[in-house]
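To start, the structure itself, in structure tokens.
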Amino acid sequence: MSIRTYGEADADVSALKNKTVGVLGYGAQGTAHALNLRDSGIDVLVAQRPGSPNHDRALADGFQPGSLADVAARSDLVIMGLPDESAAELYEEYIAGGLRSGCALGFLHGFNITFKFIEPPDNVDVVMISPKGPGSLVRSTYRETIGVPALMAVHQDATGRARDIALAWAAGIGATRAGVFETSFRTETCADLFGEQVVLCGGMSALMLAAYEMLTTAGYEPEVAYFECIHEMKQIADLIYEHGISHMREQISNTAEYGDLTRGPRLIDTRTRETMRILLAEIESGQFAREWMEENRSGLKCFKTLFELGAGHDSEPVGSRLRQHMPWLRAATNNE
């Protein structure tokens with residue numbers, strides 16, 4: 001079944017004209033949405049805690065940051081740019097009581113709606129615009145009149161205009177220039193968590209470290225193991241990002257391609273696929289979400305321990321030492 005796609009001809013940013021959009025949180029995505037919407041002629045308010053670096057950045061960008069409660073109560077579209085793990089508590093304490101009937105509650109990710117940590121009242125629209133790129137890219141491509149593709153979902157249409165509001169939001173940040181793909185909160189959430197855990201973060205990190213450990217345990221120099229199993233991942237990822245897997249295979253050597261085609265399926269075998277199935281089931285059932293929220297309530301003890309173990313891995317100082325031989329990496333970082 002083909003997903004429905006919207007472009008500039010399908011959206012009218014004027015649906016947000018003469019309305020106020022409140023962006024709650026001035027992190028990377030919040031910054032991009034607030035600035036892009038303002039540049040699109042929309043009245044934008046920002047909520048950000050005083051004394052934080054993000055508060056100072058919002059001031060420097062010309063906003064006068066207010067409190068969560070004040071901004072939410074004054075806004076026709078309330079964009080939740082808050083972390084998944086704290087959004088529900090902040091919503092209950094500062095936001096829920098001030099939502100106006102007929103306003104729209106907007107999300108960048110479906111987590112809290114999908115797993116019912118946030119349950120909005122029946123008299124508000126509930127929509128999602130989830131750009132498929134970091135906030136810095138959402139901002140830079142907007143300024144270049146290009147845009148980043150986004151997923152869109154309508155969870156609740158109280159006014160009969162929820163889709164129009166969501167598309168106006170997407171147009172205001174530049175996403176309709178690239179394409180807006182309609183899905184559901186649940187689909188976005190489960191697919192996003194699965195991708196993060198199995199491939200993009202969890203699977204990739206675990207695979208690289210396991211391969212590094214395999215080579216070093218077998219007597220290969222750590223520097224060589226780091227180059228071959230960790231450092232060069234970006235080169236392959238960039239080829240896939242720009243043109244797809246088939247193009248990547250065309251660009252690597254025939255030897256590498258043959259090894260890819262014949263050995264990759266042996267690595268990702270039936271046992272690995274079964275583990276993937278289990279992880280997806282944990283996501284779909286809400287088990288992972290409940291575990292993550294409980295971890296936050298208990299002070300992140302396990303989270304911090306695992307992070308420290310990872311930061312102390314033997315590959316970390318090796319990578320740091322090798323990056324000293326690549327001054328272009330430091331130059332790129334300094335230019336961000």
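The chains in the structure tokens are called A, B, ... from first to last as shown; in each chain the residues are counted from 1, and the ligands are counted from 1 in the order shown.
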Open item on the list: Using only C-alpha atoms, which protein or nucleic acid residues come within 12 Å of region 297-310 of chain A? Drop anything in the same chain fewer than 3 positions from it, and give the result as a list of chain:residue names.
Closed with: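 Everything that qualifies: A:Glu85, A:Ser86, A:Glu89, A:Gly202, A:Ser205, A:Ala206, A:Leu209, A:Arg290, A:Glu291, A:Trp292, A:Met293, A:Glu294, A:His313, A:Asp314, A:Ser315, A:Glu316, A:Pro317.
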Restricting the output to N, CA and C atoms, write the selected residues as a short mmCIF file (atom, residue, chain, number, x, y, z; two decimals), in the first residue's frame.
data_model
loop_
_atom_site.label_atom_id
_atom_site.label_comp_id
_atom_site.auth_asym_id
_atom_site.auth_seq_id
_atom_site.Cartn_x
_atom_site.Cartn_y
_atom_site.Cartn_z
N GLU A 85 11.09 11.55 27.88
CA GLU A 85 11.05 11.05 29.25
C GLU A 85 10.50 12.05 30.26
N SER A 86 10.52 13.34 29.93
CA SER A 86 10.01 14.34 30.87
C SER A 86 8.74 15.02 30.39
N GLU A 89 5.23 14.38 32.45
CA GLU A 89 5.17 15.05 33.76
C GLU A 89 5.00 16.56 33.60
N GLY A 202 21.79 1.08 18.54
CA GLY A 202 22.11 -0.15 19.26
C GLY A 202 22.82 -1.18 18.42
N SER A 205 26.34 0.19 16.97
CA SER A 205 27.37 0.33 17.99
C SER A 205 27.85 -1.04 18.48
N ALA A 206 26.88 -1.92 18.76
CA ALA A 206 27.25 -3.24 19.27
C ALA A 206 28.04 -4.04 18.24
N LEU A 209 31.69 -2.57 17.95
CA LEU A 209 32.51 -2.89 19.11
C LEU A 209 32.83 -4.38 19.17
N ARG A 290 7.66 1.51 28.96
CA ARG A 290 7.47 1.48 30.42
C ARG A 290 8.81 1.33 31.13
N GLU A 291 9.68 0.49 30.58
CA GLU A 291 11.01 0.30 31.17
C GLU A 291 11.80 1.60 31.18
N TRP A 292 11.74 2.34 30.06
CA TRP A 292 12.48 3.60 29.95
C TRP A 292 11.94 4.65 30.91
N MET A 293 10.62 4.74 31.04
CA MET A 293 10.04 5.72 31.95
C MET A 293 10.36 5.37 33.41
N GLU A 294 10.35 4.08 33.72
CA GLU A 294 10.70 3.65 35.08
C GLU A 294 12.17 3.93 35.36
N HIS A 313 35.30 1.93 27.11
CA HIS A 313 35.71 0.83 26.23
C HIS A 313 37.11 1.10 25.66
N ASP A 314 37.86 0.03 25.44
CA ASP A 314 39.23 0.14 24.94
C ASP A 314 39.34 0.91 23.63
N SER A 315 38.28 0.90 22.84
CA SER A 315 38.33 1.58 21.54
C SER A 315 38.32 3.10 21.65
N GLU A 316 37.83 3.64 22.77
CA GLU A 316 37.68 5.09 22.89
C GLU A 316 39.02 5.84 22.83
N PRO A 317 40.02 5.48 23.64
CA PRO A 317 41.29 6.19 23.52
C PRO A 317 41.99 5.93 22.19
#
- [ ] Name the residues in contact with Thr114 (chain A) at a cut-off of 10 Å, using only C-alpha atoms, excluding same-chain residues fewer than 4 positions from it; report them as a list in words.
- [x]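 Final neighbour list, sorted by chain and number: His109, Gly110, Ile118, Glu119, His155, Ser184, Phe185, Arg186, Thr187, Glu188, Thr189, Cys190, Glu284, Gly286 and Ala289 of chain A.
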Open item on the list: List as a VMD selection string the protein and nucleic acid residues near Cys229 (chain A), meaning an atom at most 12 Å away when only C-alpha atoms are counted, but skip any in the same chain fewer than 5 places from it.
Closed with: chain A and resid 204 to 216 220 222 to 224 234 to 236 315 319
TODO: Excluding Arg177 (chain A) and any residue of its chain fewer than 4 positions from it, enumerate the residues within 7 Å of it, using only C-alpha atoms, and give them as a list of chain:residue names.
DONE: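 Final neighbour list, sorted by chain and number: A:Gly7, A:Glu8, A:Ile146, A:Gly147.
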- [ ] Could you jot down the CA of Val71 (chain A) to CA of Tyr91 (chain A) separation for me, Å, one decimal place?
- [x]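 Here the two named atoms are 12.3 Å from each other.
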- [ ] Report the residues of region 16-190 of chain A whose backbone DSSP state falls under strand (DSSP E or B), written as an NGL selection string.
- [x] :A and (20-24 or 43-47 or 66 or 77-80 or 104-107 or 125-131 or 150-156 or 180-182)
Selected residues, C-alpha atoms, written as a short mmCIF file (atom, residue, chain, number, x, y, z; two decimals), in the first residue's frame, please.
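After the write, again_17.cif holds the following:
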data_model
loop_
_atom_site.label_atom_id
_atom_site.label_comp_id
_atom_site.auth_asym_id
_atom_site.auth_seq_id
_atom_site.Cartn_x
_atom_site.Cartn_y
_atom_site.Cartn_z
CA THR A 20 0.06 31.91 17.69
CA VAL A 21 2.40 28.93 17.68
CA GLY A 22 4.09 28.03 20.96
CA VAL A 23 7.30 26.00 20.79
CA LEU A 24 7.93 24.32 24.13
CA ASP A 43 3.69 34.55 15.30
CA VAL A 44 5.90 32.31 17.44
CA LEU A 45 6.36 32.11 21.19
CA VAL A 46 9.10 30.06 22.85
CA ALA A 47 9.10 28.41 26.28
CA GLY A 66 8.27 32.42 28.67
CA LEU A 77 -0.69 25.37 18.09
CA VAL A 78 1.39 24.04 20.97
CA ILE A 79 4.49 22.20 19.72
CA MET A 80 5.92 19.76 22.27
CA ALA A 104 -3.83 21.96 18.38
CA LEU A 105 -1.28 19.96 20.35
CA GLY A 106 1.68 19.13 18.13
CA PHE A 107 4.33 16.45 18.60
CA ASP A 125 -6.51 18.53 17.76
CA VAL A 126 -3.51 16.22 18.18
CA VAL A 127 -1.04 16.17 15.28
CA MET A 128 2.56 15.25 14.56
CA ILE A 129 5.22 16.60 12.20
CA SER A 130 8.44 14.60 12.48
CA PRO A 131 11.26 15.82 10.20
CA ALA A 150 8.82 14.79 7.27
CA LEU A 151 6.29 12.29 8.56
CA MET A 152 2.83 13.61 9.43
CA ALA A 153 0.07 12.08 11.53
CA VAL A 154 -3.30 13.13 12.90
CA HIS A 155 -4.21 11.37 16.13
CA GLN A 156 -7.28 13.44 16.99
CA VAL A 180 5.39 15.10 3.77
CA PHE A 181 4.43 11.44 4.24
CA GLU A 182 1.24 10.62 6.12
#
Open item on the list: Nearest residue to Arg163 (chain A) out of A:Ala88, A:Leu322, A:Ile278, A:Ala15, using only C-alpha atoms?
Closed with: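 With only C-alpha atoms as the atom set, the closest residue is A:Ala15.
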- [ ] Go through A:Val138, A:Thr217, A:Trp169, A:Arg100 and flag the residue nearest Gln29 (chain A), using only C-alpha atoms for the distances.
- [x]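 Residue with the minimum atom-to-atom distance to Gln29 (chain A): A:Val138.
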Open item on the list: I'd like the contact shell of Gly41 (chain A) - 10 Å cut-off, only C-alpha atoms, skipping same-chain residues fewer than 2 positions apart - returned as a list in words.
Closed with: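 Those residues are Val13, Ser14, Leu16, Lys17, Asn18, Asn36, Leu37, Arg38, Asp39, Asp43, Val44 and Gly172 of chain A.
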Task: Atomic separation - CA of Gly81 (chain A) relative to CA of Arg57 (chain A), Å - done: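 Straight-line distance from CA of Arg57 (chain A) to CA of Gly81 (chain A) works out to 15.4 Å.
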Open item on the list: When you count only C-alpha atoms, which of these residues is closest to Glu196 (chain A): A:Thr262, A:Leu279, A:Ile95, A:Gly102?
Closed with: A:Leu279
TODO: Return as a ChimeraX atom specification the full set of residues in region 82-300 of chain A whose backbone-based DSSP assignment is alpha helix (DSSP H).
DONE: /A:84-90,111-114,135-143,162-172,175-178,185-195,202-217,222-226,233-243,245-251,254-267,270-285,287-297
- [ ] Go ahead and compute the interatomic distance for CA of Val148 (chain A) and CA of Ala32 (chain A), in Å to one decimal.
- [x] 11.4 Å
Task: Of the listed residues A:Ala87, A:Ala69, A:Leu267, A:Ile113, that which approaches Leu99 (chain A) most closely, counting only C-alpha atoms - done: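 The closest residue to Leu99 (chain A) is A:Ala69.
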